[in-house]
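Notes to accompany the following structure.
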Amino acid sequence: MELIEKNTEKCIIIGIKGRLDTINYSILEKRLMELLDQNVTKIMVNCSQMDYVSSSGLRILLMALKRITMVKGKFVLCSLQENIREIFEISGFTSIFEIYPNEEDALNAF
Amino acid sequence: MYNFFTFTFAKNLSAAAENDSSDYRYMENEKKQNEGARSGMRLLSKGGLAIRYTRFFILAFLLVFSIAFYYTFVYTRAILDADAVQRASDITDLTISRISNVIKPVEQVPYTLASALENDKPDYPMVLDLAREFVLDDTVVFGSAIAFEPYMYSKKLYRYCPYAFETRNAIIGKDLSSPEYDYFTKDWYRIPKMLQKAVWSEPYYDKGGGDTLMCTYSVPFYQWINHNRVFAGVITMDISLHTFQNILKSARVSQTGFSYLMSRQGKLITPIKEKYLNTDIRKLILRKQGRATDSVIDKMLRGERMFVKITDLELVKVPSLIYSAPVPHTNWIFAITFPTMELYGGMYDFFWKLTIIFLVSLFAMTIITILITGKFTRPISRLVEATHRIGQGDFGTVMPIYRSKDEISQLTNAFSQMKEELVHYISNLQEATAAREKMEGELSVAHDIQMGLLPKTFPVRDDWDLAALLDPARAVGGDLYDFYFLDDDHLFIAIGDVSGKGVPASLFMVSARTLFRSRISLREPLNQSVYEINKEICRENPNQMFVTFIAGIVDLKNGSMTYCNAGHNPPFLVRPSGKIEKMKEVHGIPLGIFEHTTYSSATILFSPGDAFLLYTDGVTEALNSAGDFYGEEPMLDIVAQNHDLCPSELIRRLESDVVDFMKGVDQADDITLLILKSKQIPTQDTKATEVKQIRLQNQLGELNRLVATLEQVAEEWEIPPKACMELNLILEELFTNVVFYAFDDGGDHEIVVTFKRIVHGIVEIILEDDGKEFNLLEKDTSDAVNQTIDERKIGGLGIHFVKQLVNEIRYERMDGKNIVHLIRNY
């Protein structure tokens, strides 16, 4: 898995490339915690290149969402692949996360 | 009355129903009606009221009259008896006193003579003269003798007995003593001597003496010799018994009655006929009922005054009454006899005439009674006629008017009222029938709609064939079957049986059908869909109905079928050899009972020629007239014998067998059958099952090897990327779960993952670990989805994914190992 970070005026965009699973979720966890500790409150996760996610990965996204919501920040997802979207639906996450079809729409939300 | 009711009711019913049996009913009614008409005629005929009452009246009259008649008869006879006794008694007393008047002087004279002879020197010639004079004077005395003891009259004479007797106004004297006539031995001499007192002899015929029938009164006389009173002889007075005949002749009670005298020994002194003279009366008893008469005669001869009825005395010949009394001074019995007939003759005559009068009046009475009762029952006959006309359906019939206020008028009123109520009732019935017809019409439409919901024909295909039947017990039913294509390669089949029958069950069935039609999809595992359908049904089920249900999704390409049995009868898998396998597995309780219940599923694989048989209990629990169930065996026999037939033909055979079984009994429950048969499986791989296995350490890093193996398998077995990704997710969740939680000891353990390709499109994955027991199926993950962000816990999601993403999941604990079987279609 590879993380591609991009700073914009509105938010920090984190692109996930590859598989997000039990073995490597700690990379994402570590980076998100660092950003949160730096009081970053506006984060977008671009999933366009994320091929796979397991419950461990989802757990990290959920944790980040909870923490940012607590400090009244904003945490959104965008560009989910079709298979991944189904996983989100099965888990019920589609009703919890703000999910946008593409980065542009997501930026407009900030 | 009863006939009349049934007739009217049945006629109108049949008219309203206008069914085939109406002709039959009508004929039956004609019969009843004729019977009724005849019963009307019968009022005056043999069994009619008039005759019956008359008969009863005459019988009662006859009984009462007979009792009165009998009493009068007995009473009259008693009066006549008393009268007869009185008359007989009077005549007897009179006769006896007349006899006494005759006898008294006869008894006096010898005493006077005897006392005259008791002197020292008796003057015998003077005494003889006195006796002779007496005989001459007295009309009764026939003769008189003085019989001396031997040598008492003279020392020279041994025996001497001068005797004077009367013949035609001349007195003849002679000496009776002679060696031939030894008077010492005669009763008239011997008995007074012995008894030392005067006695009357029995009547006797004095041969050599008076030569006539006589009684002799003998008085002993004595002489004083040397101051001793010595028996000297006997003075006798002979009475001719003819003397009394004249007295007795006038002593009669009735025309042929007569009287007579008897001695104490019973000898007839003055009989009515000469031949009975001196005969013992007891010899004249006709030996019929002898003993009673004997005792009566004995009493009579003892001298009792009595009145008896005698029927068997030769003397009188006919039943007679006898009054008897003793004659004083003498030892005679006077008896007066008269025939009963003569005494009662007048009375019998009276009663005979009375009887004739009675019979004539009885006849008159009968005629009058018949006429009167006929008059009373005529209104009933009219009423009968009127009711018959009503019975024929003529409700315009006017009831006969009857003005009096008796029971007949009440009956007429009651009939009129009944007629009105019948008219009312029939109009109600017509309305009800019309309403029912409407209802039946609506039900028939409902039936058509329900039948219309069922798919009828399965497209003709080379690979699969399907046929189904639903035969509702009523217009609409609670059974259902369904089949339709989910996509080109997937067929959905279902069968169900709603609790209860009729309209409610059919509505429930339709709502259940709508639910699964909208829910079942290839995007969701079948058991999950069933779970949701159950929840939906439970949510709105006020009547607590439920449905047993089997749903199956068939992959037409690879011949696999995932099915879920929710409390329904186990289906059967019929192999081409005719072997039948019962699929006993049940994957949950019937739908609609309990909201929080989960469902599992099973996957089976069709081989070419296999048939899957679904049915409802309307088949196995069909009842015959003896109350026996059809059962499973006959159904399976037919299936086994005809397994090579096409589904539609096999269903026809099954249906006709069940219908034959139920012959004569109404169908109790809906009959539903569905048969799916595979003719050939296009893509089914006939190669042996492929297996791939990997052994992993209980370290997270091993996940990479697991994923690599999965990707390799997916490539070889042509598992599409989406299915592959989902299998990846399933395996990761299960593997990390084991690594994190199964082992507390920190030691090394092995986790074995086996991939099996059952056929193309179905893969089975088996995970084995020797960690602590953990059945993931028991873990409740139902909360994992629908919570808000605050409620959401970080764990539990993985097992939820697993359950959602497989077609079938099974857990077992064996030899200290957790074994999880997963089946996944792709």
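Each chain of the structure tokens is named A, B, ... in the order shown, its residues numbered from 1; ligands are numbered from 1 in display order.
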
For Ile99 of chain A, list every protein, DNA or RNA residue within 10 Å, evaluated using only C-alpha atoms, and leave out those in the same chain fewer than 3 positions away; present the list as a list in words.
Met44, Val45, Asn46, Phe75, Val76, Leu77, Cys78, Ser79, Leu80, Arg85, Phe93, Thr94, Ser95, Ile96, Asn102, Asp105 and Ala106 of chain A

Near-Val127 of chain B list (9 Å; only C-alpha atoms; drop same-chain fewer than 6 positions) as a compact mmCIF listing (two decimals) with all heavy atoms, in the first residue's frame:
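Writing the result to result15.txt gives the following:
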# COMPACT_ATOMS: atom_id res chain seq x y z
N LEU B 113 -153.09 -94.57 76.40
CA LEU B 113 -153.34 -96.02 76.47
C LEU B 113 -152.29 -96.69 77.32
O LEU B 113 -152.61 -97.54 78.16
CB LEU B 113 -153.31 -96.61 75.06
CG LEU B 113 -154.44 -96.17 74.10
CD1 LEU B 113 -154.23 -96.76 72.72
CD2 LEU B 113 -155.80 -96.56 74.64
N ALA B 116 -152.94 -96.17 80.86
CA ALA B 116 -154.08 -96.95 81.28
C ALA B 116 -153.70 -98.40 81.55
O ALA B 116 -154.27 -99.05 82.43
CB ALA B 116 -155.17 -96.88 80.20
N LEU B 117 -152.72 -98.89 80.81
CA LEU B 117 -152.31 -100.28 80.95
C LEU B 117 -151.38 -100.50 82.14
O LEU B 117 -151.02 -101.62 82.45
CB LEU B 117 -151.61 -100.74 79.65
CG LEU B 117 -152.51 -100.96 78.43
CD1 LEU B 117 -151.70 -101.28 77.22
CD2 LEU B 117 -153.51 -102.09 78.70
N ILE B 146 -151.16 -103.52 69.74
CA ILE B 146 -150.59 -103.60 71.07
C ILE B 146 -149.83 -104.90 71.09
O ILE B 146 -150.41 -106.00 70.98
CB ILE B 146 -151.68 -103.57 72.15
CG1 ILE B 146 -152.50 -102.30 72.00
CG2 ILE B 146 -151.08 -103.67 73.54
CD1 ILE B 146 -153.74 -102.28 72.92

Identify, with DSSP run on backbone atoms, the residues in segment 503-745 of chain B assigned to alpha helix (DSSP H), and express the list as a VMD selection string.
chain B and resid 503 to 519 526 to 539 617 to 620 632 to 641 647 to 661 703 to 716 721 to 741

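Of the residues under consideration (A:Ile87, A:Met50, A:Ile27, A:Ile4), A:Ile87 shows the shortest atom-to-atom contact distance to chain B when counting only C-alpha atoms.
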
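Here the residues within segment 21-59 of chain A that DSSP labels strand (DSSP E) on the basis of the backbone are Lys42, Ile43, Met44, Val45, Asn46, Cys47, Ser48, Gln49, Met50, Asp51, Tyr52 and Val53 of chain A.
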
From the options A:Met70, A:Cys47, A:Ile84, A:Leu107, which residue's atoms come nearest to Thr8 of chain A, counting only C-alpha atoms?
A:Leu107

Interface list for chain A, partner chain B, 8 Å threshold, only C-alpha atoms, as a ChimeraX atom specification
/A:22-23,52-55,59,62-63,66,83,87,90-93,96

Can I get the selected residues back with C-alpha atoms, as a PDB file, in the first residue's frame?
ATOM      1  CA  THR A  22      -4.562  -6.211   8.399  1.00  0.00           C
ATOM      2  CA  ILE A  23      -0.876  -6.237   7.588  1.00  0.00           C
ATOM      3  CA  TYR A  52      -9.029  -3.905  -1.423  1.00  0.00           C
ATOM      4  CA  VAL A  53     -10.077  -3.117   2.114  1.00  0.00           C
ATOM      5  CA  SER A  54     -10.712  -5.378   5.062  1.00  0.00           C
ATOM      6  CA  SER A  55     -12.445  -4.704   8.345  1.00  0.00           C
ATOM      7  CA  ARG A  59     -11.762   0.360  11.472  1.00  0.00           C
ATOM      8  CA  LEU A  62     -14.069   4.857  11.349  1.00  0.00           C
ATOM      9  CA  MET A  63     -11.705   5.839  14.153  1.00  0.00           C
ATOM     10  CA  LYS A  66     -14.980   9.710  15.108  1.00  0.00           C
ATOM     11  CA  ASN A  83     -16.325  -3.677  -5.363  1.00  0.00           C
ATOM     12  CA  ILE A  87     -18.162  -3.779   0.976  1.00  0.00           C
ATOM     13  CA  ILE A  90     -22.604  -4.487   3.492  1.00  0.00           C
ATOM     14  CA  SER A  91     -20.935  -2.912   6.518  1.00  0.00           C
ATOM     15  CA  GLY A  92     -23.473  -0.088   6.666  1.00  0.00           C
ATOM     16  CA  PHE A  93     -20.687   2.527   6.333  1.00  0.00           C
ATOM     17  CA  ILE A  96     -22.025   6.930   8.280  1.00  0.00           C
TER      18      ILE A  96
END

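When only C-alpha atoms are used to measure the gap to Ser48 of chain A, the shortest distance among A:Glu2, A:Ile60, A:Gly15, A:Glu86 belongs to A:Gly15.
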
Leaving out segment 533-550 of chain B and any residue of its chain fewer than 5 positions from it, which residues lie within 9 Å of it when counting only C-alpha atoms, given as an NGL selection string?
:B and (478-479 or 493-500 or 505 or 508-509 or 511-512 or 515-516 or 519-520 or 528 or 563-571 or 589-597 or 614)

Two-atom distance - atom CA of Tyr276 of chain B, atom CA of Arg190 of chain B (Å)
26.8 Å

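Going from atom CA of Glu768 of chain B to atom CA of Ser56 of chain A covers 22.0 Å.
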
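As for atom CA of Met300 of chain B and atom CA of Phe142 of chain B, they are spaced 29.0 Å apart.
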
Which residues are close to segment 658-660 of chain B, i.e. within 8 Å by only C-alpha atoms, leaving aside same-chain residues fewer than 2 positions away? Reply as a ChimeraX atom specification.
/B:619,622,630,654-656,662-663
